[in-house]
Structure formats: structure tokens, C-alpha cells
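Below is one structure, written out as C-alpha cells, with a few remarks after it.
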Amino acid sequence: MSAFDVPLVWDWTIAVYLFLAGMSAGCVMISIYLKRKVIEGDPARDGILKATAWLAPFGIIGGLTILVFHLTKPLMFWKIMIHFNVTSVMSMGVVLFQTYMIFLFMWIAIIFRKTIMDFLNMIAKGKFNFVDNIIKLLQKYENSIEWLLAIQAFALAAYTGFLLSALKSFPMLNNPILPILFLFSSLSSGAAACMLFGIVGFKQPSESATAKWVHSFERPVVLFELFVMIAFFTGMIFGGGQAQAAAINALGGGFWASWFWIGVIGVGMLLPLALNAFTPSEVRHKTGFIMLVTSLGLIGVLMFRTFILYAGQLTVV
């Protein structure tokens with residue numbers, strides 16, 4: 001039996017769901033800041049915002065699709081979308097996902113109104129003028145929509161940690177620092193995804209103001225993530241009892257300890273930091289280097305969420 005075949009409440013598919021949802025939220029938070037503070041001129045021309053317009057919906061829709069098919073009765077998923085329970089973390093998460101998607105698509109429509117209308121007019125000229133009128137109406141409330149979306153993206157990034165903390169019988173998961181850790185993890189994956197797809201997929205110049213800002217943002221957010229991770233496990237170790245046992249089981253040896261130290265810390269965090277620190281500046285702006293570093297960062301975040309999910313379910317209170 002492999003380490004992935006052990007009987008668990010939630011398996012690796014939930015780790016992918018958490019990764020995609022967190023990446024979506026991270027992309028949105030970063031792109032809203034870029035639009036408000038960094039981009040000069042039309043934001044629809046910026047490659048990183050173009051990447052977010054694809055990545056953010058894909059992340060949340062892909063994550064929810066995984067979650068639906070993980071249900072015992074996937075065809076009954078619609079019930080959780082209309083029946084809400086304020087005492088359920090899962091139910092409140094569904095509400096958050098729904099409102100987040102509504103504001104996300106409104107925000108994207110406002111930014112890329114011309115692109116959307118050009119496409120619709122190419123399909124059937126004149127038949128979609130009502131869409132243009134709707135978007136023009138939304139533009140009047142652009143600032144409010146943007147603020148509400150930013151708040152919901154922040155909540156979504158933290159929620160991925162709150163969701164796991166609902167499993168109260170597992171000391172590693174029932175930890176108040178986990179939502180903070182997942183927030184920084186979401187920002188890390190969002191920054192890496194924005195850079196990777198913005199520069200490689202949408203040809204955003206690596207010397208542009210937005211690319212430079214995201215690149216400068218990546219290093220401190222990874223360092224903060226590492227700091228919170230140290231605080232997370234230090235608190236467990238000095239907390240004693242089952243929390244200490246859970247941390248020792250996860251980090252002390254075996255498959256998941258190797259997964260964490262080599263994959264999460266080594267490949268996902270220290271290697272990208274070292275490459276950025278010691279590689280000449282002319283190399284750091286090359287597409288191949290950006291692809292390597294951002295891919296390592298994304299792999300590290302996915303491995304971290306898989307580690308938390310599996311190693312966190314090894315020790316029961």
C-alpha cells in the first residue's frame with residue numbers, strides 16, 4: 001500500500017481543490033492591486049490581468065467540479081447551493097464561492113468589455129447589444145465591485161484553511177494558524193501563476209512594471225509563508241500532547257517527512273529563493289528561467305497542501 005492509499009476522510013483530490021481555489025484567490029488579490037496601483041493605461045492590455053481572467057475562473061470552477069464529484073451523490077450537488085446552514089463551514093464556503101464567482105465575472109466583464117463585445121459581434125453582430133448595456137451599467141459600480149471582490153478573494157484564500165480546521169479530531173488540521181498559512185500560500189501560488197501564464201502565455205514583457213512588481217512580491221511572500229510555517233509547527237511541538245505527536249509524526253521521518261523537507265521546503269521554497277538570489281539579473285528576466293522558478297513554486301504549493309491534508313490525518317485526538 002502506498003502513502004496515498006491509506007483510508008482518509010479527504011484524499012488527494014481535495015488537495016487539488018484547495019490548491020486551485022487558493023490560486024484563484026491569490027491571482028485576483030494580486031491583479032486588483034496591480035490594476036489600482038501599478039498599471040497605467042488600459043488594464044485589458046496587460047498580460048498578467050489577461051492571465052488572471054482565465055486562471056481565476058478556471059481555478060474556482062475546476063476546484064468546485066472536483067469537490068462535486070468527490071461527494072457521495074454528485075448529482076445532488078445543487079442542494080448544497082440552495083440550502084444554507086450558518087453553522088456549517090462547508091455550507092458557508094458554498095455561499096462564498098457563489099458570491100465570489102458572481103463578482104469575479106462582473107469584474108472581468110468590466111475590464112475586458114471591448115474584447116467580449118468584439119467576440120460577441122463576430123458571432124452575431126447586433127444581437128448581443130444588451131450585454132454591452134449590462135456591462136456599462138456595472139461600470140458605474142466598478143470601485144465597489146472591485147472592493148467586494150478583493151474582500152471575498154481574501155476570505156476565500158483563508159477559507160481553504162478554515163475548511164480543514166473543521167476536522168476537529170485531527171490536531172494538525174484543527175489549528176488557528178492554518179488559515180493564515182493558507183492565505184500566504186494562496187498569494188504565493190497566485191504570484192507564480194500570474195507570472196508563468198502572463199509572461200509565457202500572454203507575452204507580457206518581463207521588464208514591464210506589472211511583471212517587475214509581481215517578481216519583487218514573490219520573494220517576501222514566500223519568506224512570510226516560511227515564517228508562518230515555522231510558527232505553525234513550533235506551536236504544535238511546544239503545545240505538547242497529540243499536537244506534538246502529530247508534528248513529530250509528520251516531520252520526524254518516513255514518506256511524508258521526505259515529501260515535506262525535500263518537496264515543499266527544498267524544491268518549492270528554498271530552491272526558487274536561491275535561484276532568484278544567485279542568478280544574474282539578465283538571466284532572471286529570460287522566459288525559460290521564469291518558467292522554471294514559477295513552476296517550482298506552484299509544485300511546492302500543491303505539495304504543501306497535499307502534505308497538510310495527508311500528514312494532518314495521520315494523528316487523531
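Just so we're on the same page: first chain in the C-alpha cells is A, next is B, and so on; residues restart at 1 for each chain, and ligands are numbered from 1 in the order they show up.
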
Can you check which parts of segment 180-206 of chain A lie within 12 Å of segment 17-26 of chain A? Per residue, the shortest pair of atoms and distance in Å to one decimal, counting only C-alpha atoms, sorted by chain and number, as a Markdown table.
```
| residue | atom | partner | partner_atom | distance |
| --- | --- | --- | --- | --- |
| A:Leu181 | CA | A:Gly22 | CA | 11.3 |
| A:Phe182 | CA | A:Gly22 | CA | 7.6 |
| A:Leu183 | CA | A:Gly22 | CA | 7.7 |
| A:Phe184 | CA | A:Gly26 | CA | 8.6 |
| A:Ser185 | CA | A:Gly22 | CA | 7.5 |
| A:Ser186 | CA | A:Gly22 | CA | 4.5 |
| A:Leu187 | CA | A:Gly26 | CA | 4.3 |
| A:Ser188 | CA | A:Gly26 | CA | 7.2 |
| A:Ser189 | CA | A:Met23 | CA | 5.3 |
| A:Gly190 | CA | A:Gly26 | CA | 4.1 |
| A:Ala191 | CA | A:Gly26 | CA | 6.9 |
| A:Ala192 | CA | A:Met23 | CA | 9.0 |
| A:Ala193 | CA | A:Met23 | CA | 7.4 |
| A:Cys194 | CA | A:Gly26 | CA | 9.1 |
```

Would you output that residue set with all heavy atoms, as a CSV table (one decimal), in the first residue's frame?
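Done, and the output landed in result29.csv:
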```csv
chain,number,residue,atom,x,y,z
A,181,LEU,N,-1.7,30.6,7.2
A,181,LEU,CA,-0.7,29.9,6.4
A,181,LEU,C,-1.2,29.7,5.0
A,181,LEU,O,-0.5,29.9,4.0
A,181,LEU,CB,-0.3,28.5,7.0
A,181,LEU,CG,0.8,27.7,6.4
A,181,LEU,CD1,2.0,28.5,6.2
A,181,LEU,CD2,1.0,26.4,7.2
A,182,PHE,N,-2.5,29.3,4.9
A,182,PHE,CA,-3.1,29.1,3.6
A,182,PHE,C,-3.3,30.4,2.8
A,182,PHE,O,-3.2,30.4,1.6
A,182,PHE,CB,-4.4,28.3,3.7
A,182,PHE,CG,-4.2,26.8,3.7
A,182,PHE,CD1,-3.1,26.2,4.3
A,182,PHE,CD2,-5.2,26.0,3.1
A,182,PHE,CE1,-3.0,24.8,4.3
A,182,PHE,CE2,-5.0,24.6,3.1
A,182,PHE,CZ,-3.9,24.0,3.6
A,183,LEU,N,-3.4,31.5,3.5
A,183,LEU,CA,-3.5,32.8,2.9
A,183,LEU,C,-2.2,33.1,2.2
A,183,LEU,O,-2.2,33.5,1.0
A,183,LEU,CB,-3.9,33.9,3.9
A,183,LEU,CG,-3.8,35.3,3.4
A,183,LEU,CD1,-4.8,35.6,2.3
A,183,LEU,CD2,-4.0,36.3,4.6
A,184,PHE,N,-1.1,33.0,2.9
A,184,PHE,CA,0.2,33.3,2.2
A,184,PHE,C,0.5,32.3,1.1
A,184,PHE,O,1.1,32.6,0.1
A,184,PHE,CB,1.3,33.3,3.3
A,184,PHE,CG,1.3,34.5,4.1
A,184,PHE,CD1,0.9,34.6,5.4
A,184,PHE,CD2,1.8,35.7,3.6
A,184,PHE,CE1,0.9,35.7,6.1
A,184,PHE,CE2,1.9,36.9,4.3
A,184,PHE,CZ,1.4,36.9,5.6
A,185,SER,N,0.1,31.0,1.3
A,185,SER,CA,0.3,30.0,0.3
A,185,SER,C,-0.5,30.4,-1.0
A,185,SER,O,0.0,30.2,-2.1
A,185,SER,CB,-0.2,28.6,0.9
A,185,SER,OG,-0.1,27.6,-0.1
A,186,SER,N,-1.7,30.9,-0.8
A,186,SER,CA,-2.5,31.3,-1.9
A,186,SER,C,-1.9,32.5,-2.7
A,186,SER,O,-1.9,32.5,-3.9
A,186,SER,CB,-3.9,31.7,-1.5
A,186,SER,OG,-4.6,30.7,-0.9
A,187,LEU,N,-1.4,33.5,-1.9
A,187,LEU,CA,-0.6,34.6,-2.6
A,187,LEU,C,0.6,34.1,-3.3
A,187,LEU,O,0.9,34.6,-4.4
A,187,LEU,CB,-0.3,35.6,-1.5
A,187,LEU,CG,-1.4,36.4,-0.9
A,187,LEU,CD1,-0.9,37.2,0.3
A,187,LEU,CD2,-2.0,37.4,-2.0
A,188,SER,N,1.3,33.1,-2.7
A,188,SER,CA,2.5,32.6,-3.4
A,188,SER,C,2.1,31.9,-4.7
A,188,SER,O,2.8,32.1,-5.7
A,188,SER,CB,3.2,31.6,-2.4
A,188,SER,OG,4.2,30.9,-3.0
A,189,SER,N,1.1,31.0,-4.7
A,189,SER,CA,0.7,30.3,-5.9
A,189,SER,C,0.1,31.3,-6.9
A,189,SER,O,0.3,31.1,-8.1
A,189,SER,CB,-0.3,29.2,-5.6
A,189,SER,OG,-1.5,29.7,-5.0
A,190,GLY,N,-0.6,32.3,-6.4
A,190,GLY,CA,-1.2,33.3,-7.3
A,190,GLY,C,-0.1,34.1,-8.0
A,190,GLY,O,-0.2,34.3,-9.2
A,191,ALA,N,0.9,34.5,-7.3
A,191,ALA,CA,2.0,35.2,-7.9
A,191,ALA,C,2.7,34.4,-9.0
A,191,ALA,O,3.0,34.9,-10.1
A,191,ALA,CB,3.0,35.7,-6.8
A,192,ALA,N,3.0,33.1,-8.6
A,192,ALA,CA,3.7,32.2,-9.6
A,192,ALA,C,2.8,32.0,-10.8
A,192,ALA,O,3.4,32.0,-11.9
A,192,ALA,CB,4.0,30.9,-8.9
A,193,ALA,N,1.5,31.8,-10.6
A,193,ALA,CA,0.7,31.5,-11.8
A,193,ALA,C,0.5,32.7,-12.7
A,193,ALA,O,0.5,32.6,-13.9
A,193,ALA,CB,-0.7,31.1,-11.3
A,194,CYS,N,0.4,33.9,-12.0
A,194,CYS,CA,0.3,35.2,-12.8
A,194,CYS,C,1.6,35.4,-13.7
A,194,CYS,O,1.5,35.8,-14.8
A,194,CYS,CB,0.1,36.4,-11.9
A,194,CYS,SG,-1.5,36.6,-11.2
```

>> What's around segment 276-280 of chain A at 10 Å? Count only C-alpha atoms, leave out sequence neighbours fewer than 3 positions away in its own chain, and write the answer as a list in words.
In response: His215, Glu218, Arg219, Leu270, Leu271, Pro272, Leu273, Val283, Arg284, His285, Phe289, Ile290 and Val293 of chain A

Within 7 Å of Ala109 of chain A, counting only C-alpha atoms, which residues qualify if same-chain residues fewer than 4 places away don't, as a PDB file with all heavy atoms, in the first residue's frame?
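Saved the output as around_31.pdb:
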```
ATOM      1  N   PHE A 105     -16.815  37.451 -12.241  1.00  0.00           N
ATOM      2  CA  PHE A 105     -17.218  37.578 -13.645  1.00  0.00           C
ATOM      3  C   PHE A 105     -17.654  39.011 -13.968  1.00  0.00           C
ATOM      4  O   PHE A 105     -17.428  39.481 -15.090  1.00  0.00           O
ATOM      5  CB  PHE A 105     -18.330  36.584 -13.967  1.00  0.00           C
ATOM      6  CG  PHE A 105     -17.825  35.173 -14.148  1.00  0.00           C
ATOM      7  CD1 PHE A 105     -18.219  34.162 -13.289  1.00  0.00           C
ATOM      8  CD2 PHE A 105     -16.940  34.861 -15.158  1.00  0.00           C
ATOM      9  CE1 PHE A 105     -17.752  32.863 -13.441  1.00  0.00           C
ATOM     10  CE2 PHE A 105     -16.451  33.571 -15.327  1.00  0.00           C
ATOM     11  CZ  PHE A 105     -16.859  32.568 -14.467  1.00  0.00           C
ATOM     12  N   ARG A 113     -14.469  44.508 -21.413  1.00  0.00           N
ATOM     13  CA  ARG A 113     -15.737  44.774 -22.118  1.00  0.00           C
ATOM     14  C   ARG A 113     -15.546  44.809 -23.629  1.00  0.00           C
ATOM     15  O   ARG A 113     -16.309  44.193 -24.383  1.00  0.00           O
ATOM     16  CB  ARG A 113     -16.305  46.106 -21.623  1.00  0.00           C
ATOM     17  CG  ARG A 113     -17.496  46.582 -22.426  1.00  0.00           C
ATOM     18  CD  ARG A 113     -18.055  47.890 -21.868  1.00  0.00           C
ATOM     19  NE  ARG A 113     -18.735  48.599 -22.929  1.00  0.00           N
ATOM     20  CZ  ARG A 113     -18.371  49.793 -23.398  1.00  0.00           C
ATOM     21  NH1 ARG A 113     -17.347  50.418 -22.872  1.00  0.00           N
ATOM     22  NH2 ARG A 113     -19.034  50.361 -24.376  1.00  0.00           N
ATOM     23  N   ILE A 135     -22.944  45.605 -19.077  1.00  0.00           N
ATOM     24  CA  ILE A 135     -21.571  45.876 -18.616  1.00  0.00           C
ATOM     25  C   ILE A 135     -21.377  47.368 -18.346  1.00  0.00           C
ATOM     26  O   ILE A 135     -20.719  47.755 -17.370  1.00  0.00           O
ATOM     27  CB  ILE A 135     -20.539  45.361 -19.641  1.00  0.00           C
ATOM     28  CG1 ILE A 135     -20.658  43.846 -19.819  1.00  0.00           C
ATOM     29  CG2 ILE A 135     -19.118  45.717 -19.183  1.00  0.00           C
ATOM     30  CD1 ILE A 135     -19.766  43.267 -20.896  1.00  0.00           C
TER      31      ILE A 135
END
```

> What's the 12 Å shell around segment 170-172 of chain A, counting only C-alpha atoms, without same-chain residues fewer than 5 positions away, as a VMD selection string?
Replying inline: chain A and resid 8 to 9 161 164 to 165 177 to 178 232 to 237 239 to 251 307 to 317

Write the selection just made, keeping C-alpha atoms, as an mmCIF file, in the first residue's frame?
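That gives us part27.cif:
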```cif
data_model
loop_
_atom_site.group_PDB
_atom_site.id
_atom_site.type_symbol
_atom_site.label_atom_id
_atom_site.label_comp_id
_atom_site.auth_asym_id
_atom_site.auth_seq_id
_atom_site.Cartn_x
_atom_site.Cartn_y
_atom_site.Cartn_z
ATOM 1 C CA LEU A 8 -8.760 9.064 4.921
ATOM 2 C CA VAL A 9 -11.696 11.417 5.377
ATOM 3 C CA GLY A 161 -7.589 26.665 5.830
ATOM 4 C CA LEU A 164 -9.616 21.782 7.055
ATOM 5 C CA SER A 165 -9.773 23.115 10.606
ATOM 6 C CA ILE A 177 -2.714 29.378 12.271
ATOM 7 C CA LEU A 178 -3.699 27.178 9.322
ATOM 8 C CA PHE A 232 2.726 26.645 12.847
ATOM 9 C CA PHE A 233 4.891 23.633 13.633
ATOM 10 C CA THR A 234 6.736 25.257 16.548
ATOM 11 C CA GLY A 235 3.423 25.931 18.250
ATOM 12 C CA MET A 236 2.401 22.306 17.778
ATOM 13 C CA ILE A 237 5.679 20.928 19.113
ATOM 14 C CA GLY A 239 1.953 22.599 22.689
ATOM 15 C CA GLY A 240 2.539 19.028 23.804
ATOM 16 C CA GLY A 241 0.047 16.180 23.755
ATOM 17 C CA GLN A 242 -1.458 14.993 20.485
ATOM 18 C CA ALA A 243 -0.475 18.206 18.691
ATOM 19 C CA GLN A 244 3.174 17.473 19.450
ATOM 20 C CA ALA A 245 2.733 13.848 18.373
ATOM 21 C CA ALA A 246 1.139 14.965 15.093
ATOM 22 C CA ALA A 247 4.039 17.334 14.312
ATOM 23 C CA ILE A 248 6.659 14.694 15.117
ATOM 24 C CA ASN A 249 4.842 12.073 13.040
ATOM 25 C CA ALA A 250 4.655 14.469 10.097
ATOM 26 C CA LEU A 251 8.174 15.908 10.222
ATOM 27 C CA PHE A 307 1.177 17.212 2.798
ATOM 28 C CA ILE A 308 -1.122 19.093 5.181
ATOM 29 C CA LEU A 309 -4.106 17.009 4.083
ATOM 30 C CA TYR A 310 -2.420 13.593 4.366
ATOM 31 C CA ALA A 311 0.033 14.138 7.214
ATOM 32 C CA GLY A 312 -2.643 16.041 9.107
ATOM 33 C CA GLN A 313 -4.894 12.982 9.124
ATOM 34 C CA LEU A 314 -2.213 10.611 10.459
ATOM 35 C CA THR A 315 -2.724 11.556 14.118
ATOM 36 C CA VAL A 316 -6.181 11.539 15.717
ATOM 37 C CA VAL A 317 -7.087 13.113 19.070
#
```

> Any idea what the distance is between atom CA of Ile61 of chain A and atom CA of Phe97 of chain A?
Replying inline: 9.3 Å

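Residues with any atom within 10 Å of Leu163 of chain A, counting only C-alpha atoms and excluding same-chain neighbours fewer than 2 positions away, are Leu18, Ser88, Val89, Met90, Met92, Gly93, Ala158, Tyr159, Thr160, Gly161, Ser165, Ala166, Leu167, Leu173, Asn174, Leu178 and Pro179 of chain A.
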
May I have the residues from that selection written out with C-alpha atoms, as a PDB file, in the first residue's frame?
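So part30.pdb came out as:
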```pdb
ATOM      1  CA  LEU A  18      -7.676  23.567  -2.203  1.00  0.00           C
ATOM      2  CA  SER A  88     -21.604  24.590   8.721  1.00  0.00           C
ATOM      3  CA  VAL A  89     -18.154  25.611   7.425  1.00  0.00           C
ATOM      4  CA  MET A  90     -18.841  23.740   4.185  1.00  0.00           C
ATOM      5  CA  MET A  92     -20.740  28.921   4.301  1.00  0.00           C
ATOM      6  CA  GLY A  93     -17.973  28.072   1.865  1.00  0.00           C
ATOM      7  CA  ALA A 158      -8.190  31.921   4.271  1.00  0.00           C
ATOM      8  CA  TYR A 159     -11.303  29.732   3.981  1.00  0.00           C
ATOM      9  CA  THR A 160      -9.323  26.878   2.447  1.00  0.00           C
ATOM     10  CA  GLY A 161      -7.589  26.665   5.830  1.00  0.00           C
ATOM     11  CA  SER A 165      -9.773  23.115  10.606  1.00  0.00           C
ATOM     12  CA  ALA A 166     -13.369  21.839  10.716  1.00  0.00           C
ATOM     13  CA  LEU A 167     -11.891  18.326  11.082  1.00  0.00           C
ATOM     14  CA  LEU A 173      -5.711  20.473  10.955  1.00  0.00           C
ATOM     15  CA  ASN A 174      -7.593  21.947  13.909  1.00  0.00           C
ATOM     16  CA  LEU A 178      -3.699  27.178   9.322  1.00  0.00           C
ATOM     17  CA  PRO A 179      -5.951  29.804   7.623  1.00  0.00           C
TER      18      PRO A 179
END
```

> Could you name the residues that touch Lys203 of chain A at 7 Å or less, counting only C-alpha atoms, but leaving out those on the same chain fewer than 4 positions away, as JSON, numbers by chain?
Replying inline: {"A": [47, 198, 199]}

Please produce a file of the residues just selected, as a CSV table (one decimal), in the first residue's frame, where the atoms kept are all heavy atoms.
```csv
chain,number,residue,atom,x,y,z
A,47,GLY,N,-0.8,41.6,-19.8
A,47,GLY,CA,-0.7,40.2,-19.9
A,47,GLY,C,-1.1,39.5,-18.6
A,47,GLY,O,-1.7,38.4,-18.6
A,198,GLY,N,1.1,34.9,-17.5
A,198,GLY,CA,1.2,36.2,-18.0
A,198,GLY,C,2.3,36.4,-19.0
A,198,GLY,O,2.1,37.0,-20.1
A,199,ILE,N,3.5,36.0,-18.6
A,199,ILE,CA,4.7,36.2,-19.4
A,199,ILE,C,4.8,35.2,-20.6
A,199,ILE,O,5.0,35.5,-21.7
A,199,ILE,CB,6.0,36.2,-18.6
A,199,ILE,CG1,5.9,37.4,-17.7
A,199,ILE,CG2,7.2,36.1,-19.4
A,199,ILE,CD1,7.1,37.5,-16.7
```

> Between A:Asn133, A:Thr294, A:Asn175, A:Thr99, which has the minimum distance to Ala153 of chain A (counting only C-alpha atoms)?
Replying inline: A:Thr99
